[in-house]
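**Student:** This is the structure, below, for whatever I ask next.
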Amino acid sequence: MEQKDEKNCNSEEEGERQGPKTFLGIFTREKFIILCVVIGLMALLLIIILTSVFLITQSDASVNMEMEPFPSDGDMLDFLLQIGEIQEKDGLYATWYHAANNKSEMNKALNSDVMILEADINVKGYNTANETNIAIMAHPPDIYSDNTLEEWLDAVLKSKKGIKLDFKSINAVELSLDLLRVKNQTGINRPVWINADILPGPNVPVFWPVINASEFFELIQLKFPDVTISPGWKVLYLSIFPNVTYTRSMVEEMYTIVRHLPQKITFPVHALMAKNGWPHLSWLLSQSPRFSLTLWQGKENPTVNDLLFIRDNSNPLRIYYDIYEPVLSQFKEAAKLRNRPRRFYPGGDIIDYFRPVNNDGLNIQWDTVTDKDDLLYLLKDSQGGMLVIPVISSEGQPNIPIIQGSKPELPLQDCLELILASKKSWGIYLRIKSQNQLSLTLELLRQAYDRDLLHHPTWVNMDIAHGTFYIQDYVTGEEFLRTIDQIFPYVTLAPGWPKEVLDEGYKPELVEDMVQLFQGAWQDVSLQLHAETLYRTVTGCRSLLHAQSRFSMTLEHRAEDRDLNTWTASLMAIRALNRQRSFYNMPNMYREHIANLPENQDHTALTKTLQNDS
Ligand SMILES: *[C@@H]1O[C@H](CO)[C@@H](O)[C@H](O)[C@H]1NC(C)=O
Ligand SMILES: *[C@@H]1O[C@H](CO)[C@@H](O)[C@H](O)[C@H]1NC(C)=O
Ligand SMILES: *[C@@H]1O[C@H](CO)[C@@H](O)[C@H](O)[C@H]1NC(C)=O
Ligand SMILES: *[C@@H]1O[C@H](CO)[C@@H](O)[C@H](O)[C@H]1NC(C)=O
Ligand SMILES: *[C@@H]1O[C@H](CO)[C@@H](O)[C@H](O)[C@H]1NC(C)=O
């Protein structure tokens, strides 16, 4: 039996090999077996290595080991740049998934190429007998969901997507922050934004329930401060009231309650209300480099033009666009077009508009329009700049504003149309003589703005009466402000003092009353100064320097005025303080003269004048 077996065995082996005791004519049977074992072991080893490498790669994606560390209170654009989702820091490129709440929506979002997930958090069974302390992903009125926050975080933290959590009830906040704290122990590694509507906003009555801001902020500081806070206004967009928007007081109230928070802050703003509210929203943005805006929308789409307006007047790093398709793509395409005209906010800063060399106001050109031929010549031959337009009433028809001194009369309306049709960069400086002309001029500006034509910095200048410089027959400061606010407020205010009060120059009481009058205005204000009057007092000059922290200064000088050197010292003092905030309404030869004055005398001149005085 044994023999037979061996034989069978042998014969089988013989079928595989030709030589009896050797394999391939080299190996003995024993050696071959050892070789087989070695090869087998090596193959096994290889399989083990490959499998474990594969598993590690897999678990990298799922346990997040390949996510580089990133602080949860870090900047969203920095994060998207770090993970390679965007190539440049620009809020335009960040993309959002709205209401990624229940499992199917969440998974849709996770499987999409969207970069940031926005989701709503409530408490399971909120406001019923069955209220729990489980945070769930649901938008009111839903109080149940197939997804808890914990499940949501576990899924989302395996991805590379940013997080924005929108709290719909204060009861959900503490639970959720506790959960974030736990998850943070194994690494969140992406920005977390925490949103809640904490103030009543446009079209929402003051008694409407909102999240209690002080409780909300306190919980954040206490439980999980490493976030970006997104404090919003509760808003209702009503298409029958398309012009209702964020008011100055809403924005100021928000600023008051968030200004002391240490976190980065992004304010969610309804996209359809952003343009009308822009003066206040841009004021808010200017209050801190930590602030940004996130535009969001409901069912109605914003227009591409309104979005372009926001983009053209803001820093691309500081606006996010949580906007739906197809408008978002149309907007992105339009935003990237080269040489498209900028939709400038007419009340915006002329340094931002003209971008003069060195951001120096001295490098902005000013010209005065005298009649139609002169205007056409300027529009054709000049490089662009501020156009000073003196406005008076037409001789025959007092209700038609015309350009002072023009013969034949050039109506202001025609003048504006010629300027608005030009492709060059023009600022519009309206020098207005009477209350009546003020209203008529503002009406024309309003019409141009409503026709989407006025994308130019627009200044309204008048000599006004107030307090110590009250002079009859001048429009009062209050009336000036009220008229502008009522008819067309999107301008820079450019008030001057009546010439009758300037015999002794810009005396401190004159300056103080002017400052007090405009202190509360939300518009940009530029005080209009006659350069040749500056030398008359030095104390006045000092008050002006003081006022410059709030207001810009425009120095005017005309050819017929006293020669330049007498007022050089005061002028250079004003210039030395802030070159972005001092402007020079004067012919080019004077601007050149100032540019050539030796710089290092600025401060000595100032110091000397001020010391001599005290
Ligand atoms: C999840 O949410 C979406 C959008 O609100 C809804 O259409 C869908 O029916 C929900 N799915 C489940 C399972 O609740
Ligand atoms: C609370 O839960 C009970 C038991 O599941 C249910 O019968 C009841 O309708 C729930 N109450 C509310 C207010 O949802
Ligand atoms: C917010 O909560 C605080 C503390 O609980 C309370 O004192 C305050 O009155 C609340 N504010 C509002 C507007 O309800
Ligand atoms: C979250 O984790 C990071 C990294 O370990 C740590 O520096 C940070 O203090 C944690 N934050 C909180 C609020 O626990
Ligand atoms: C809203 O503003 C536009 C443009 O200023 C104006 O034409 C329109 O009449 C206003 N609509 C309402 C309802 O006030």
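Following the order of the structure tokens, first chain is A, next is B, and so on, with residues numbered from 1 inside each chain and ligands from 1 in the order they appear.
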Show me which residues line ligand 1, defined as having an atom within 6 Å of a ligand atom where only C-alpha atoms and all ligand atoms count, and present them as a PyMOL selection string.
**Tutor:** chain A and resi 102+104-105
**Student:** Write the selection just made, keeping C-alpha atoms, as a compact mmCIF listing (two decimals), in the first residue's frame?
**Tutor:**
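Writing done, so here's again.txt:
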# COMPACT_ATOMS: atom_id res chain seq x y z
CA ASN A 102 -31.67 64.60 7.83
CA SER A 104 -30.42 61.72 3.14
CA GLU A 105 -29.72 65.46 2.83
**Student:** Can you list, as JSON, numbers by chain, every protein, DNA or RNA residue that comes within 6 Å of A:Thr554 when you count only C-alpha atoms, leaving out same-chain residues fewer than 4 positions away?
**Tutor:** {"A": [528, 529, 582, 583, 584]}
**Student:** Counting only C-alpha atoms and all ligand atoms, figure out which residue out of A:Glu131, A:Glu218, A:Asp73, A:Asp90 gets nearest to ligand 3.
**Tutor:**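 Nearest to ligand 3: A:Glu218.
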**Student:** If you run DSSP on the backbone, which residues of stretch 310-519 of chain A are alpha helix (DSSP H), as an NGL selection string?
**Tutor:** :A and (310-312 or 327-336 or 350-354 or 372-381 or 412-421 or 435-450 or 477-487 or 508-518)
**Student:** When you look at A:Asp352 with a cut-off of 12 Å (counting only C-alpha atoms), what residues show up, excluding the ones that are within fewer than 6 positions of it in the same chain? I need them as number ranges by chain.
**Tutor:** A: 312-315, 342, 344-346, 358-361, 364, 425, 427, 456-457, 580-581
**Student:** Residues within 9 Å of A:Ile220, please, as number ranges by chain. Count only C-alpha atoms; anything in the same chain fewer than 3 positions from it doesn't count.
**Tutor:** A: 173-174, 177, 194, 215-217, 223-227, 229
**Student:** What would the file look like if the residues just selected were written as an mmCIF file, in the first residue's frame with C-alpha atoms?
**Tutor:**
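Resulting contents of result.cif:
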data_model
loop_
_atom_site.group_PDB
_atom_site.id
_atom_site.type_symbol
_atom_site.label_atom_id
_atom_site.label_comp_id
_atom_site.auth_asym_id
_atom_site.auth_seq_id
_atom_site.Cartn_x
_atom_site.Cartn_y
_atom_site.Cartn_z
ATOM 1 C CA VAL A 173 -26.875 75.171 22.497
ATOM 2 C CA GLU A 174 -25.322 73.783 25.659
ATOM 3 C CA LEU A 177 -21.287 72.691 22.596
ATOM 4 C CA ILE A 194 -22.145 78.824 15.266
ATOM 5 C CA GLU A 215 -27.180 83.425 27.113
ATOM 6 C CA PHE A 216 -25.968 82.305 23.685
ATOM 7 C CA PHE A 217 -22.640 84.146 23.929
ATOM 8 C CA LYS A 223 -18.444 75.545 26.833
ATOM 9 C CA PHE A 224 -16.671 75.811 23.514
ATOM 10 C CA PRO A 225 -15.178 79.169 22.627
ATOM 11 C CA ASP A 226 -13.095 77.925 19.679
ATOM 12 C CA VAL A 227 -15.622 78.875 17.013
ATOM 13 C CA ILE A 229 -19.805 83.238 15.778
#
**Student:** What residues of the protein or nucleic acid chains come within 9 Å of ligand 4 when you use only C-alpha atoms and all ligand atoms? Reply as a VMD selection string.
**Tutor:** chain A and resid 69 to 72 177 180 to 189 221 to 227
**Student:** A:Ile170: which residues within 10 Å, counting only C-alpha atoms, same-chain residues fewer than 3 positions away excluded, as a list in words?
**Tutor:**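 Within the cut-off, the hits are Ile121, Asn122, Val123, Phe167, Val173, Glu174, Leu175, Ala196, Val210, Ile211, Asn212, Ala213, Glu215, Phe216 and Leu219 of chain A.
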**Student:** Could you save those same residues with N, CA and C atoms as a PDB file, in the first residue's frame?
**Tutor:**
ATOM      1  N   ILE A 121     -30.079  73.000  14.084  1.00  0.00           N
ATOM      2  CA  ILE A 121     -30.122  72.171  15.290  1.00  0.00           C
ATOM      3  C   ILE A 121     -31.299  72.553  16.170  1.00  0.00           C
ATOM      4  N   ASN A 122     -32.028  71.529  16.594  1.00  0.00           N
ATOM      5  CA  ASN A 122     -33.112  71.734  17.539  1.00  0.00           C
ATOM      6  C   ASN A 122     -32.977  70.670  18.630  1.00  0.00           C
ATOM      7  N   VAL A 123     -33.877  70.725  19.621  1.00  0.00           N
ATOM      8  CA  VAL A 123     -33.895  69.697  20.649  1.00  0.00           C
ATOM      9  C   VAL A 123     -35.007  68.723  20.292  1.00  0.00           C
ATOM     10  N   PHE A 167     -28.459  77.376  15.210  1.00  0.00           N
ATOM     11  CA  PHE A 167     -29.262  77.002  16.374  1.00  0.00           C
ATOM     12  C   PHE A 167     -30.655  77.611  16.321  1.00  0.00           C
ATOM     13  N   VAL A 173     -28.233  74.633  22.600  1.00  0.00           N
ATOM     14  CA  VAL A 173     -26.875  75.171  22.497  1.00  0.00           C
ATOM     15  C   VAL A 173     -25.888  74.459  23.430  1.00  0.00           C
ATOM     16  N   GLU A 174     -26.265  74.354  24.698  1.00  0.00           N
ATOM     17  CA  GLU A 174     -25.322  73.783  25.659  1.00  0.00           C
ATOM     18  C   GLU A 174     -24.983  72.325  25.315  1.00  0.00           C
ATOM     19  N   LEU A 175     -26.043  71.538  25.017  1.00  0.00           N
ATOM     20  CA  LEU A 175     -25.845  70.133  24.643  1.00  0.00           C
ATOM     21  C   LEU A 175     -24.864  70.014  23.485  1.00  0.00           C
ATOM     22  N   ALA A 196     -26.945  81.908  15.195  1.00  0.00           N
ATOM     23  CA  ALA A 196     -28.282  82.022  15.796  1.00  0.00           C
ATOM     24  C   ALA A 196     -28.823  83.404  15.484  1.00  0.00           C
ATOM     25  N   VAL A 210     -36.535  85.586  19.551  1.00  0.00           N
ATOM     26  CA  VAL A 210     -35.209  85.314  18.978  1.00  0.00           C
ATOM     27  C   VAL A 210     -34.395  84.616  20.068  1.00  0.00           C
ATOM     28  N   ILE A 211     -33.253  84.118  19.698  1.00  0.00           N
ATOM     29  CA  ILE A 211     -32.375  83.475  20.674  1.00  0.00           C
ATOM     30  C   ILE A 211     -31.794  84.546  21.594  1.00  0.00           C
ATOM     31  N   ASN A 212     -31.823  84.288  22.872  1.00  0.00           N
ATOM     32  CA  ASN A 212     -31.302  85.249  23.850  1.00  0.00           C
ATOM     33  C   ASN A 212     -29.776  85.380  23.671  1.00  0.00           C
ATOM     34  N   ALA A 213     -29.371  86.577  23.211  1.00  0.00           N
ATOM     35  CA  ALA A 213     -27.971  86.786  22.826  1.00  0.00           C
ATOM     36  C   ALA A 213     -27.013  86.589  23.995  1.00  0.00           C
ATOM     37  N   GLU A 215     -27.324  84.848  26.750  1.00  0.00           N
ATOM     38  CA  GLU A 215     -27.180  83.425  27.113  1.00  0.00           C
ATOM     39  C   GLU A 215     -26.357  82.678  26.060  1.00  0.00           C
ATOM     40  N   PHE A 216     -26.657  82.964  24.800  1.00  0.00           N
ATOM     41  CA  PHE A 216     -25.968  82.305  23.685  1.00  0.00           C
ATOM     42  C   PHE A 216     -24.455  82.554  23.755  1.00  0.00           C
ATOM     43  N   LEU A 219     -22.775  80.891  26.873  1.00  0.00           N
ATOM     44  CA  LEU A 219     -22.573  79.450  26.723  1.00  0.00           C
ATOM     45  C   LEU A 219     -21.367  79.166  25.830  1.00  0.00           C
TER      46      LEU A 219
END
**Student:** Select, from A:Leu420, A:Leu376, A:Leu410, A:Leu92, the residue with the minimum atom-to-atom distance to A:Ser329, counting only C-alpha atoms.
**Tutor:**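 Selected residue with least distance to A:Ser329: A:Leu92.
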**Student:** May I ask you to write as a PyMOL selection string all residues lying at most 6 Å from ligand 5, with only C-alpha atoms and all ligand atoms counted?
**Tutor:** chain A and resi 241-243+450
